[in-house]
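Below: protein29.csv (CSV, C-alpha atoms)
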```
chain,number,residue,atom,x,y,z
A,1,MET,CA,0.0,28.1,43.2
A,2,ALA,CA,0.6,27.7,39.6
A,3,ARG,CA,3.2,25.0,40.3
A,4,LYS,CA,0.8,22.9,42.3
A,5,LYS,CA,-1.7,23.0,39.5
A,6,LYS,CA,1.0,21.7,37.1
A,7,THR,CA,1.8,18.8,39.3
A,8,VAL,CA,-1.8,17.7,39.4
A,9,GLN,CA,-2.0,17.8,35.6
A,10,GLU,CA,1.2,15.8,35.2
A,11,ILE,CA,-0.1,13.0,37.5
A,12,ALA,CA,-3.3,12.9,35.6
A,13,THR,CA,-1.7,12.5,32.3
A,14,VAL,CA,0.5,9.7,33.6
A,15,THR,CA,-2.1,7.7,35.4
A,16,GLU,CA,-5.0,7.9,32.9
A,17,PRO,CA,-3.5,6.0,30.0
A,18,LEU,CA,-2.3,3.2,32.2
A,19,THR,CA,-5.8,2.7,33.6
A,20,VAL,CA,-7.2,2.8,30.1
A,21,GLU,CA,-4.6,0.3,28.9
A,22,GLU,CA,-5.1,-2.0,31.7
A,23,SER,CA,-8.9,-2.1,31.3
A,24,HIS,CA,-8.4,-2.5,27.6
A,25,VAL,CA,-6.1,-5.6,28.1
A,26,ASN,CA,-8.6,-7.0,30.6
A,27,ASN,CA,-11.4,-6.4,28.1
A,28,LEU,CA,-9.4,-8.3,25.5
A,29,ARG,CA,-8.7,-11.1,27.8
A,30,GLU,CA,-12.4,-11.4,28.6
A,31,LYS,CA,-13.2,-11.5,24.9
A,32,LEU,CA,-10.5,-14.1,24.2
A,33,GLU,CA,-11.8,-16.3,27.1
A,34,GLU,CA,-15.2,-16.1,25.4
A,35,ILE,CA,-13.7,-16.9,22.0
A,36,LYS,CA,-12.0,-19.9,23.5
A,37,THR,CA,-15.4,-21.4,24.1
A,38,TYR,CA,-16.2,-21.1,20.4
A,39,GLU,CA,-16.4,-24.3,18.5
A,40,GLY,CA,-13.0,-25.4,17.1
A,41,VAL,CA,-10.9,-22.8,18.9
A,42,ILE,CA,-7.9,-24.4,20.6
A,43,GLY,CA,-6.3,-21.5,22.3
A,44,TYR,CA,-4.9,-18.0,22.1
A,45,ILE,CA,-1.8,-15.9,22.8
A,46,LEU,CA,-2.1,-12.3,23.9
A,47,ARG,CA,1.1,-10.3,24.2
A,48,ASN,CA,2.0,-6.7,24.7
A,49,SER,CA,5.2,-4.9,25.8
A,50,THR,CA,4.5,-5.6,29.5
A,51,SER,CA,2.6,-8.8,29.7
A,52,ALA,CA,1.6,-12.0,28.0
A,53,ALA,CA,-1.4,-14.3,28.4
A,54,ILE,CA,-1.4,-17.7,26.8
A,55,ASP,CA,-4.1,-20.3,26.9
A,56,LEU,CA,-3.7,-23.4,24.8
A,57,LYS,CA,-5.3,-26.8,25.0
A,58,ASP,CA,-2.0,-28.4,24.2
A,59,PRO,CA,0.7,-26.6,26.2
A,60,THR,CA,3.5,-28.6,24.6
A,61,LYS,CA,3.0,-26.5,21.4
A,62,LEU,CA,3.3,-23.2,23.3
A,63,ILE,CA,6.7,-22.2,22.1
A,64,ASP,CA,6.1,-23.3,18.5
A,65,TYR,CA,2.9,-21.4,18.4
A,66,ALA,CA,4.4,-18.3,20.0
A,67,ILE,CA,7.2,-18.2,17.5
A,68,LEU,CA,4.8,-18.7,14.6
A,69,SER,CA,2.5,-16.0,15.9
A,70,SER,CA,5.4,-13.5,16.2
A,71,SER,CA,6.8,-14.4,12.7
A,72,ALA,CA,3.4,-14.0,11.1
A,73,LEU,CA,2.8,-10.6,12.7
A,74,ASP,CA,6.3,-9.4,11.8
A,75,ALA,CA,5.8,-10.6,8.2
A,76,GLY,CA,2.5,-8.9,8.0
A,77,GLU,CA,4.0,-5.6,8.8
A,78,VAL,CA,6.7,-6.1,6.2
A,79,LEU,CA,4.3,-7.1,3.5
A,80,SER,CA,1.9,-4.3,4.3
A,81,GLU,CA,4.7,-1.8,3.8
A,82,ASP,CA,6.0,-3.5,0.6
A,83,PHE,CA,2.6,-3.5,-1.0
A,84,ASN,CA,1.2,-0.4,0.5
A,85,LEU,CA,-1.7,-2.1,2.2
A,86,GLY,CA,-2.2,0.3,5.0
A,87,ASP,CA,-2.9,-0.9,8.5
A,88,VAL,CA,-2.9,-4.7,9.0
A,89,LYS,CA,-6.3,-5.8,10.0
A,90,SER,CA,-5.6,-9.5,10.3
A,91,ILE,CA,-3.3,-12.3,9.1
A,92,ILE,CA,-4.7,-15.8,8.7
A,93,VAL,CA,-2.2,-18.6,8.3
A,94,ASP,CA,-4.0,-21.7,7.0
A,95,GLY,CA,-2.1,-24.8,8.2
A,96,LYS,CA,-2.9,-28.3,7.1
A,97,ASP,CA,-4.0,-29.1,10.7
A,98,VAL,CA,-4.6,-25.8,12.4
A,99,LYS,CA,-5.5,-22.3,11.4
A,100,MET,CA,-4.0,-19.2,13.0
A,101,LEU,CA,-5.6,-15.8,13.1
A,102,SER,CA,-3.3,-13.0,14.2
A,103,LEU,CA,-3.9,-9.3,14.6
A,104,THR,CA,-2.8,-6.3,16.5
A,105,VAL,CA,-5.2,-4.4,18.7
A,106,SER,CA,-3.8,-1.2,20.2
A,107,ASP,CA,-0.2,-2.6,20.6
A,108,ASN,CA,-1.6,-6.0,21.8
A,109,ARG,CA,-0.5,-8.8,19.6
A,110,ILE,CA,-3.1,-11.5,19.5
A,111,SER,CA,-3.1,-14.9,17.8
A,112,VAL,CA,-6.0,-17.3,18.0
A,113,PHE,CA,-5.5,-20.9,17.0
A,114,MET,CA,-8.4,-23.0,15.8
A,115,ASP,CA,-9.3,-26.1,13.8
A,116,LYS,CA,-9.4,-25.7,10.0
A,117,GLU,CA,-13.2,-25.7,9.9
A,118,ALA,CA,-13.6,-23.1,12.7
A,119,ASN,CA,-15.3,-19.8,11.9
A,120,CYS,CA,-12.5,-17.2,11.6
A,121,GLU,CA,-14.9,-14.4,10.8
A,122,ARG,CA,-16.8,-14.8,14.0
A,123,VAL,CA,-13.6,-14.5,16.0
A,124,LEU,CA,-12.5,-11.5,14.0
A,125,ARG,CA,-15.8,-9.8,14.5
A,126,LYS,CA,-15.6,-10.3,18.2
A,127,LEU,CA,-12.0,-8.9,18.5
A,128,HIS,CA,-12.6,-6.0,16.2
A,129,GLY,CA,-15.8,-5.2,18.0
A,130,LEU,CA,-13.8,-4.1,21.0
B,1,MET,CA,10.2,-27.6,-22.7
B,2,ASP,CA,12.6,-25.8,-20.4
B,3,ASP,CA,12.1,-23.6,-17.4
B,4,GLU,CA,12.0,-20.4,-19.5
B,5,VAL,CA,9.0,-21.6,-21.6
B,6,TYR,CA,7.4,-22.9,-18.4
B,7,SER,CA,7.7,-19.5,-16.8
B,8,PHE,CA,6.5,-17.8,-19.9
B,9,ALA,CA,3.4,-19.9,-20.0
B,10,LEU,CA,2.7,-19.1,-16.3
B,11,LYS,CA,3.5,-15.4,-16.7
B,12,ASN,CA,1.0,-15.3,-19.6
B,13,THR,CA,-1.6,-16.9,-17.3
B,14,LEU,CA,-0.9,-14.4,-14.6
B,15,ASP,CA,-1.3,-11.5,-17.1
B,16,GLU,CA,-4.6,-13.0,-18.4
B,17,ILE,CA,-5.9,-13.3,-14.8
B,18,GLN,CA,-5.0,-9.7,-14.2
B,19,ASN,CA,-6.8,-8.7,-17.4
B,20,ILE,CA,-10.0,-10.4,-16.2
B,21,CYS,CA,-9.6,-9.4,-12.6
B,22,PRO,CA,-8.3,-5.8,-12.7
B,23,ASP,CA,-8.4,-5.6,-9.0
B,24,ILE,CA,-5.4,-7.9,-8.8
B,25,LYS,CA,-2.5,-5.4,-8.5
B,26,ASN,CA,0.3,-7.8,-8.3
B,27,SER,CA,0.7,-11.6,-8.9
B,28,PHE,CA,3.6,-13.9,-9.0
B,29,MET,CA,4.6,-17.5,-8.2
B,30,PHE,CA,7.5,-19.0,-6.3
B,31,LYS,CA,8.7,-22.3,-5.1
B,32,GLU,CA,9.3,-23.3,-1.5
B,33,ASP,CA,13.0,-22.7,-1.9
B,34,GLY,CA,12.4,-19.1,-2.9
B,35,GLU,CA,12.9,-19.5,-6.6
B,36,ILE,CA,10.6,-17.2,-8.6
B,37,VAL,CA,8.6,-19.3,-11.1
B,38,ALA,CA,6.7,-16.5,-12.8
B,39,GLN,CA,5.9,-12.8,-12.1
B,40,ASP,CA,3.9,-10.0,-13.5
B,41,GLU,CA,5.5,-6.8,-14.8
B,42,ASN,CA,4.2,-4.6,-11.9
B,43,THR,CA,6.1,-6.2,-9.1
B,44,PRO,CA,9.8,-5.3,-8.5
B,45,GLN,CA,12.2,-8.1,-7.9
B,46,ASN,CA,13.2,-6.8,-4.5
B,47,VAL,CA,9.6,-6.8,-3.3
B,48,ILE,CA,9.2,-10.4,-4.4
B,49,VAL,CA,12.4,-11.3,-2.6
B,50,HIS,CA,11.2,-9.5,0.5
B,51,LEU,CA,7.9,-11.4,0.4
B,52,THR,CA,9.6,-14.8,-0.1
B,53,ASP,CA,11.9,-14.0,2.8
B,54,SER,CA,9.0,-13.0,5.1
B,55,PHE,CA,7.0,-16.0,4.0
B,56,ASP,CA,10.0,-18.3,4.6
B,57,SER,CA,10.1,-17.1,8.2
B,58,ILE,CA,6.5,-18.2,8.6
B,59,LEU,CA,7.1,-21.4,6.7
B,60,GLU,CA,10.0,-22.4,8.9
B,61,LYS,CA,7.8,-22.4,11.9
B,62,ALA,CA,4.7,-23.8,10.3
B,63,ASP,CA,5.4,-27.4,11.2
B,64,ALA,CA,3.5,-26.7,14.4
B,65,ILE,CA,0.3,-26.3,12.4
B,66,GLY,CA,1.1,-29.1,9.9
B,67,GLY,CA,2.6,-27.0,7.2
B,68,ILE,CA,1.1,-24.1,5.2
B,69,GLU,CA,-1.7,-24.2,2.8
B,70,GLY,CA,-2.2,-20.5,2.5
B,71,VAL,CA,-1.7,-17.1,4.1
B,72,THR,CA,-4.1,-14.1,3.9
B,73,LEU,CA,-3.1,-10.7,5.0
B,74,ASP,CA,-5.9,-8.2,5.2
B,75,GLY,CA,-4.9,-4.6,5.2
B,76,SER,CA,-7.0,-1.4,5.3
B,77,LYS,CA,-6.1,-0.7,1.6
B,78,GLY,CA,-5.9,-4.2,0.2
B,79,LYS,CA,-5.1,-7.9,0.6
B,80,VAL,CA,-2.3,-10.3,0.0
B,81,THR,CA,-3.2,-13.9,-0.5
B,82,ILE,CA,-0.6,-16.7,-0.8
B,83,SER,CA,-2.0,-20.0,-1.9
B,84,CYS,CA,-0.2,-23.3,-2.2
B,85,MET,CA,-0.8,-25.0,-5.5
B,86,ASN,CA,1.1,-28.1,-6.6
B,87,ASP,CA,4.1,-27.2,-4.5
B,88,ILE,CA,4.1,-23.7,-5.9
B,89,TYR,CA,2.9,-20.6,-4.0
B,90,LEU,CA,0.8,-18.1,-5.9
B,91,VAL,CA,0.7,-14.6,-4.5
B,92,THR,CA,-2.0,-12.2,-5.4
B,93,VAL,CA,-2.2,-8.6,-4.1
B,94,THR,CA,-5.7,-7.2,-4.5
B,95,SER,CA,-7.2,-3.8,-3.9
B,96,ARG,CA,-9.7,-3.3,-1.0
B,97,LYS,CA,-12.7,-3.3,-3.3
B,98,ALA,CA,-11.8,-6.6,-5.0
B,99,ASP,CA,-14.4,-9.3,-5.1
B,100,MET,CA,-12.4,-12.0,-3.5
B,101,THR,CA,-14.8,-14.8,-4.3
B,102,TYR,CA,-14.4,-14.0,-8.0
B,103,VAL,CA,-10.6,-13.6,-7.7
B,104,ASN,CA,-10.2,-16.8,-5.8
B,105,THR,CA,-12.5,-18.7,-8.2
B,106,VAL,CA,-10.5,-17.5,-11.2
B,107,THR,CA,-7.1,-18.1,-9.7
B,108,HIS,CA,-7.9,-21.4,-8.0
B,109,VAL,CA,-9.3,-22.8,-11.3
B,110,LEU,CA,-7.0,-21.4,-13.9
B,111,ILE,CA,-3.6,-21.8,-12.2
B,112,PRO,CA,-4.0,-25.4,-11.1
B,113,THR,CA,-5.4,-26.2,-14.6
B,114,ILE,CA,-2.4,-24.6,-16.3
B,115,LEU,CA,0.0,-26.3,-13.9
B,116,ARG,CA,-1.5,-29.7,-14.6
B,117,LEU,CA,-1.4,-29.0,-18.3
B,118,LEU,CA,2.2,-28.0,-18.2
B,119,ASP,CA,3.0,-30.9,-16.0
B,120,LYS,CA,1.4,-33.3,-18.6
B,121,ILE,CA,3.3,-31.7,-21.4
B,122,ASN,CA,6.6,-32.0,-19.6
B,123,PRO,CA,6.7,-33.0,-15.9
B,124,THR,CA,10.3,-32.1,-15.2
B,125,PRO,CA,10.7,-28.3,-14.6
B,126,LEU,CA,8.5,-27.8,-11.6
B,127,LYS,CA,9.1,-31.2,-10.1
B,128,ASN,CA,12.8,-30.5,-10.1
B,129,LYS,CA,13.9,-30.4,-6.5
B,130,THR,CA,17.3,-28.9,-7.0
B,131,PRO,CA,18.8,-26.6,-4.3
B,132,PRO,CA,18.2,-22.8,-5.0
B,133,PHE,CA,21.7,-22.1,-6.1
B,134,GLU,CA,21.6,-24.8,-8.8
B,135,VAL,CA,18.3,-23.7,-10.0
B,136,GLU,CA,19.4,-20.1,-10.1
B,137,THR,CA,22.5,-20.9,-12.1
B,138,GLU,CA,22.2,-19.0,-15.4
B,139,THR,CA,21.7,-21.3,-18.2
B,140,PRO,CA,22.7,-19.6,-21.5
B,141,ILE,CA,26.1,-21.3,-21.3
B,142,THR,CA,24.4,-24.6,-21.7
B,143,LYS,CA,23.5,-23.7,-25.2
B,144,GLU,CA,27.1,-23.4,-26.3
B,145,PRO,CA,28.3,-26.0,-28.8
B,146,GLU,CA,29.8,-29.1,-27.3
B,147,GLU,CA,33.2,-28.8,-29.2
B,148,GLN,CA,34.1,-25.8,-27.1
B,149,THR,CA,34.2,-27.7,-23.9
B,150,GLU,CA,37.4,-28.7,-22.3
B,151,THR,CA,37.2,-32.4,-21.7
B,152,PRO,CA,38.5,-33.2,-18.2
B,153,ILE,CA,35.7,-31.6,-16.1
B,154,GLU,CA,33.1,-32.6,-18.6
B,155,GLU,CA,34.0,-36.2,-18.0
B,156,ASN,CA,33.9,-35.7,-14.3
B,157,LEU,CA,30.6,-34.1,-14.4
B,158,MET,CA,29.1,-36.7,-16.7
B,159,GLU,CA,29.6,-39.2,-13.8
B,160,ALA,CA,27.1,-37.4,-11.7
B,161,PRO,CA,23.7,-38.1,-13.4
B,162,GLU,CA,21.6,-36.0,-11.0
B,163,GLU,CA,23.5,-32.8,-11.9
B,164,THR,CA,22.2,-32.6,-15.5
B,165,LEU,CA,22.4,-28.8,-15.7
B,166,GLU,CA,26.1,-28.9,-15.0
B,167,THR,CA,26.9,-31.7,-17.4
B,168,GLU,CA,25.9,-29.5,-20.3
B,169,THR,CA,27.6,-26.4,-19.0
B,170,LEU,CA,30.9,-25.3,-20.4
B,171,PRO,CA,33.7,-25.7,-17.8
B,172,SER,CA,35.5,-22.7,-19.3
B,173,GLU,CA,32.5,-20.6,-18.4
B,174,ARG,CA,32.1,-19.5,-14.8
B,175,PRO,CA,28.8,-20.4,-13.1
B,176,VAL,CA,26.7,-17.5,-12.1
B,177,ASN,CA,24.4,-17.6,-9.2
B,178,GLN,CA,21.7,-15.2,-8.1
B,179,LEU,CA,21.9,-14.8,-4.3
B,180,ILE,CA,20.0,-12.8,-1.8
B,181,ILE,CA,21.9,-10.3,0.3
B,182,GLU,CA,22.0,-10.8,4.1
B,183,ASN,CA,23.8,-8.5,6.5
B,184,LEU,CA,27.2,-9.6,7.8
B,185,GLY,CA,28.4,-7.7,10.9
B,186,GLY,CA,30.4,-8.1,14.0
B,187,LEU,CA,33.6,-6.8,15.5
B,188,LEU,CA,35.9,-9.4,14.0
B,189,VAL,CA,34.3,-9.5,10.6
B,190,PRO,CA,36.6,-8.5,7.7
B,191,SER,CA,35.0,-5.8,5.6
B,192,ASP,CA,36.3,-7.3,2.3
B,193,THR,CA,34.9,-10.8,2.7
B,194,VAL,CA,31.5,-12.2,1.8
B,195,ARG,CA,30.2,-15.5,2.9
B,196,ILE,CA,28.2,-17.9,0.8
B,197,ASP,CA,27.0,-21.5,1.1
B,198,SER,CA,29.9,-24.0,1.6
B,199,GLU,CA,28.1,-26.4,-0.7
B,200,MET,CA,28.1,-23.8,-3.5
B,201,LEU,CA,31.8,-23.2,-3.0
B,202,SER,CA,32.4,-27.0,-3.3
B,203,GLN,CA,30.4,-27.1,-6.4
B,204,TRP,CA,32.2,-24.2,-8.0
B,205,LYS,CA,35.5,-25.9,-7.1
B,206,GLU,CA,34.4,-29.1,-8.7
B,207,PHE,CA,33.1,-27.2,-11.6
B,208,SER,CA,36.2,-25.2,-12.3
B,209,ASP,CA,38.6,-28.0,-11.4
B,210,SER,CA,40.2,-25.5,-9.0
B,211,THR,CA,41.7,-26.4,-5.6
B,212,LYS,CA,40.4,-23.3,-3.9
B,213,ILE,CA,37.9,-20.6,-4.5
B,214,ASP,CA,38.7,-17.6,-2.4
B,215,GLN,CA,37.4,-14.7,-4.4
B,216,VAL,CA,34.2,-13.9,-6.2
B,217,GLU,CA,32.9,-11.3,-8.5
B,218,ILE,CA,29.6,-9.7,-7.5
B,219,GLU,CA,27.4,-7.9,-9.9
B,220,THR,CA,24.3,-5.9,-9.1
B,221,PHE,CA,21.3,-5.6,-11.3
B,222,ASP,CA,22.3,-2.0,-11.9
B,223,GLY,CA,25.5,-3.3,-13.4
B,224,LYS,CA,27.9,-2.4,-10.6
B,225,THR,CA,30.5,-5.0,-9.9
B,226,THR,CA,33.1,-5.7,-7.3
B,227,ARG,CA,35.6,-8.4,-6.4
B,228,CYS,CA,36.1,-9.6,-2.9
B,229,LYS,CA,37.2,-12.5,-0.8
B,230,VAL,CA,34.8,-15.3,0.0
B,231,LYS,CA,34.4,-17.7,2.8
B,232,PRO,CA,31.7,-20.3,3.7
B,233,ILE,CA,28.7,-19.3,5.7
B,234,LYS,CA,29.1,-20.1,9.4
B,235,ASP,CA,25.6,-19.7,10.5
B,236,SER,CA,23.6,-22.8,9.7
B,237,LYS,CA,20.3,-20.9,9.4
B,238,TYR,CA,21.6,-19.3,6.2
B,239,GLU,CA,22.8,-22.5,4.6
B,240,GLY,CA,21.1,-23.8,1.4
B,241,LYS,CA,18.9,-20.7,1.1
B,242,GLY,CA,20.7,-18.9,-1.7
B,243,ILE,CA,22.0,-16.2,0.7
B,244,ILE,CA,25.2,-14.2,0.4
B,245,GLN,CA,26.3,-12.6,3.7
B,246,MET,CA,27.8,-9.2,2.9
B,247,PRO,CA,29.5,-6.7,5.1
B,248,GLU,CA,28.0,-3.2,5.1
B,249,LYS,CA,31.0,-1.7,3.3
B,250,ILE,CA,30.6,-3.9,0.3
B,251,GLN,CA,26.8,-3.2,0.3
B,252,LEU,CA,27.5,0.5,0.3
B,253,ASN,CA,30.0,0.2,-2.5
B,254,LEU,CA,27.6,-1.7,-4.6
B,255,GLU,CA,24.6,0.4,-3.5
B,256,VAL,CA,22.6,-2.6,-2.5
B,257,ARG,CA,21.0,-3.7,0.7
B,258,LYS,CA,19.7,-6.7,2.6
B,259,GLY,CA,17.0,-8.6,0.6
B,260,GLU,CA,18.2,-7.6,-2.8
B,261,LEU,CA,19.5,-10.0,-5.4
B,262,VAL,CA,23.0,-10.0,-6.8
B,263,ARG,CA,24.8,-12.2,-9.3
B,264,VAL,CA,27.9,-13.9,-8.0
B,265,LYS,CA,30.6,-15.7,-10.0
B,266,PRO,CA,33.7,-17.5,-8.6
B,267,LEU,CA,37.1,-16.1,-9.6
B,268,VAL,CA,39.1,-19.1,-10.6
B,269,HIS,CA,42.9,-18.8,-10.5
```

In structure tokens, how does this file's structure come out?
Amino acid sequence: MARKKKTVQEIATVTEPLTVEESHVNNLREKLEEIKTYEGVIGYILRNSTSAAIDLKDPTKLIDYAILSSSALDAGEVLSEDFNLGDVKSIIVDGKDVKMLSLTVSDNRISVFMDKEANCERVLRKLHGL
Amino acid sequence: MDDEVYSFALKNTLDEIQNICPDIKNSFMFKEDGEIVAQDENTPQNVIVHLTDSFDSILEKADAIGGIEGVTLDGSKGKVTISCMNDIYLVTVTSRKADMTYVNTVTHVLIPTILRLLDKINPTPLKNKTPPFEVETETPITKEPEEQTETPIEENLMEAPEETLETETLPSERPVNQLIIENLGGLLVPSDTVRIDSEMLSQWKEFSDSTKIDQVEIETFDGKTTRCKVKPIKDSKYEGKGIIQMPEKIQLNLEVRKGELVRVKPLVH
């Protein structure tokens, strides 16, 4: 009897986080879809260890943007450690043409690309409000 | 006015900015090629090198967004801001409670003003687009009296007008370059050989009138030195970046690691 009980517990611990994670990713995607409708936003990249979702107005820039996003997030971690800045809340790379906002939300690496004049704060509020 | 005075003026400016904005914990300035123009006393050299390396990795891919004007990293305990001003990047690290409007107002007014002023006094130092290894060459030897120079190389170098630093340098002195350590690994990599930029090796050859430079002396900032063989860098991504690729064994001997700076001199036979 005791064995059976243990099996049930094990299943529960395995399945529960997956469901939470999935719904969390879906929730993020929904938010990002909404963000994409904001004025000046030109696309986003959402990546985690198992999946990636990319939506860019100009798909030819996909690889360049993906590499830049990854470099910025990696650099952010290094800098945060070097200067003891704690958890990285966001990294904003201001380009001459485009602005990129990158952040990590529960192991999901997100980058939102937007025009220079677009409202970064609004995007951030939306994503951190999850 | 030389680079030293220029850096001194900028360092003083950074110090003054930190005085009026105590929430700025660290500040320094560097050029796109990684050369540090000015730095405060709080920031260790290896941390700056780390930052310039990390920044470089973003900069390399930033063509996609039209180049970089600035980077802001917001952390739970503070913020790093990198702003481009007159081809120089200013880095400020601020505490969480810093009034960023005030900090940005001060830095974005003072620094460009000082840069403009210095540029008016003498436009050369920061407009100088020399590769990193030339810029990093230690200059004290340039102040040696001319009569000590040996003539043949001096004449040779005088023919190259763009290499003004070298024309004044004593050929009998060995050039010293500050290079950033990068790991060198692999099955067939000899543990007694470092790799540096082929262009730098050619310059050293030219400099010393030597046919071949196959050994270098490496000195750490702690004063540890070693001599080892040298070969040109194979990987093009490390070329022209002031990098020295170093096997782990040499790093262990010198008690240094990737990202740190070392002084490298050629051994001329």

### Query
Contacts of Asp74 of chain A at 10 Å or less, counting all atoms listed in the file, minus same-chain residues fewer than 6 places along, as a ChimeraX atom specification?
/A:68 /B:54,57-58

Taking all atoms listed in the file into account, what are the residues of chain A at most 7 Å from chain B, put as a VMD selection string?
chain A and resid 64 to 65 68 71 to 72 75 to 76 79 to 80 82 85 to 98

Could you list, as an mmCIF file with C-alpha atoms, in the frame of the given file, every residue within 12 Å of Ser27 of chain B, counting only C-alpha atoms and ignoring same-chain residues fewer than 6 positions away?
```
data_model
loop_
_atom_site.group_PDB
_atom_site.id
_atom_site.type_symbol
_atom_site.label_atom_id
_atom_site.label_comp_id
_atom_site.auth_asym_id
_atom_site.auth_seq_id
_atom_site.Cartn_x
_atom_site.Cartn_y
_atom_site.Cartn_z
ATOM 1 C CA PHE A 83 2.600 -3.500 -1.000
ATOM 2 C CA LEU B 10 2.700 -19.100 -16.300
ATOM 3 C CA LYS B 11 3.500 -15.400 -16.700
ATOM 4 C CA ASN B 12 1.000 -15.300 -19.600
ATOM 5 C CA THR B 13 -1.600 -16.900 -17.300
ATOM 6 C CA LEU B 14 -0.900 -14.400 -14.600
ATOM 7 C CA ASP B 15 -1.300 -11.500 -17.100
ATOM 8 C CA GLU B 16 -4.600 -13.000 -18.400
ATOM 9 C CA ILE B 17 -5.900 -13.300 -14.800
ATOM 10 C CA GLN B 18 -5.000 -9.700 -14.200
ATOM 11 C CA ASN B 19 -6.800 -8.700 -17.400
ATOM 12 C CA CYS B 21 -9.600 -9.400 -12.600
ATOM 13 C CA ILE B 36 10.600 -17.200 -8.600
ATOM 14 C CA VAL B 37 8.600 -19.300 -11.100
ATOM 15 C CA ALA B 38 6.700 -16.500 -12.800
ATOM 16 C CA GLN B 39 5.900 -12.800 -12.100
ATOM 17 C CA ASP B 40 3.900 -10.000 -13.500
ATOM 18 C CA GLU B 41 5.500 -6.800 -14.800
ATOM 19 C CA ASN B 42 4.200 -4.600 -11.900
ATOM 20 C CA THR B 43 6.100 -6.200 -9.100
ATOM 21 C CA PRO B 44 9.800 -5.300 -8.500
ATOM 22 C CA VAL B 47 9.600 -6.800 -3.300
ATOM 23 C CA ILE B 48 9.200 -10.400 -4.400
ATOM 24 C CA LEU B 51 7.900 -11.400 0.400
ATOM 25 C CA LYS B 79 -5.100 -7.900 0.600
ATOM 26 C CA VAL B 80 -2.300 -10.300 0.000
ATOM 27 C CA THR B 81 -3.200 -13.900 -0.500
ATOM 28 C CA ILE B 82 -0.600 -16.700 -0.800
ATOM 29 C CA SER B 83 -2.000 -20.000 -1.900
ATOM 30 C CA TYR B 89 2.900 -20.600 -4.000
ATOM 31 C CA LEU B 90 0.800 -18.100 -5.900
ATOM 32 C CA VAL B 91 0.700 -14.600 -4.500
ATOM 33 C CA THR B 92 -2.000 -12.200 -5.400
ATOM 34 C CA VAL B 93 -2.200 -8.600 -4.100
ATOM 35 C CA THR B 94 -5.700 -7.200 -4.500
ATOM 36 C CA VAL B 103 -10.600 -13.600 -7.700
ATOM 37 C CA THR B 107 -7.100 -18.100 -9.700
ATOM 38 C CA ILE B 111 -3.600 -21.800 -12.200
#
```

Between B:Leu115, B:Leu184, B:Met85, B:Val264, which one has atoms that come closest to Pro247 of chain B, using all atoms listed in the file?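 Using all atoms listed in the file, Pro247 of chain B sits closest to B:Leu184.
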
Inset, instruction - Enumerate, as a ChimeraX atom specification, the protein, DNA and RNA residues whose atoms approach (42.1, -7.2, 2.6) to within 12 Å, taking into account only C-alpha atoms and the coordinate frame of the file. - result: /B:189-194,215,227-230

message = One decimal, in Å: what's the spacing between atom CA of Thr105 of chain B and atom CA of Ile24 of chain B?
response =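 Between atom CA of Thr105 of chain B and atom CA of Ile24 of chain B the gap is 12.9 Å.
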
Quiz item: Quick one, how far is atom CA of Leu46 of chain A from atom CA of Glu34 of chain A?
Solution: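 Computed distance, atom CA of Leu46 of chain A to atom CA of Glu34 of chain A, equals 13.7 Å.
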
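Across the model, the gap from atom CA of Arg195 of chain B to atom CA of Glu255 of chain B is 18.0 Å.
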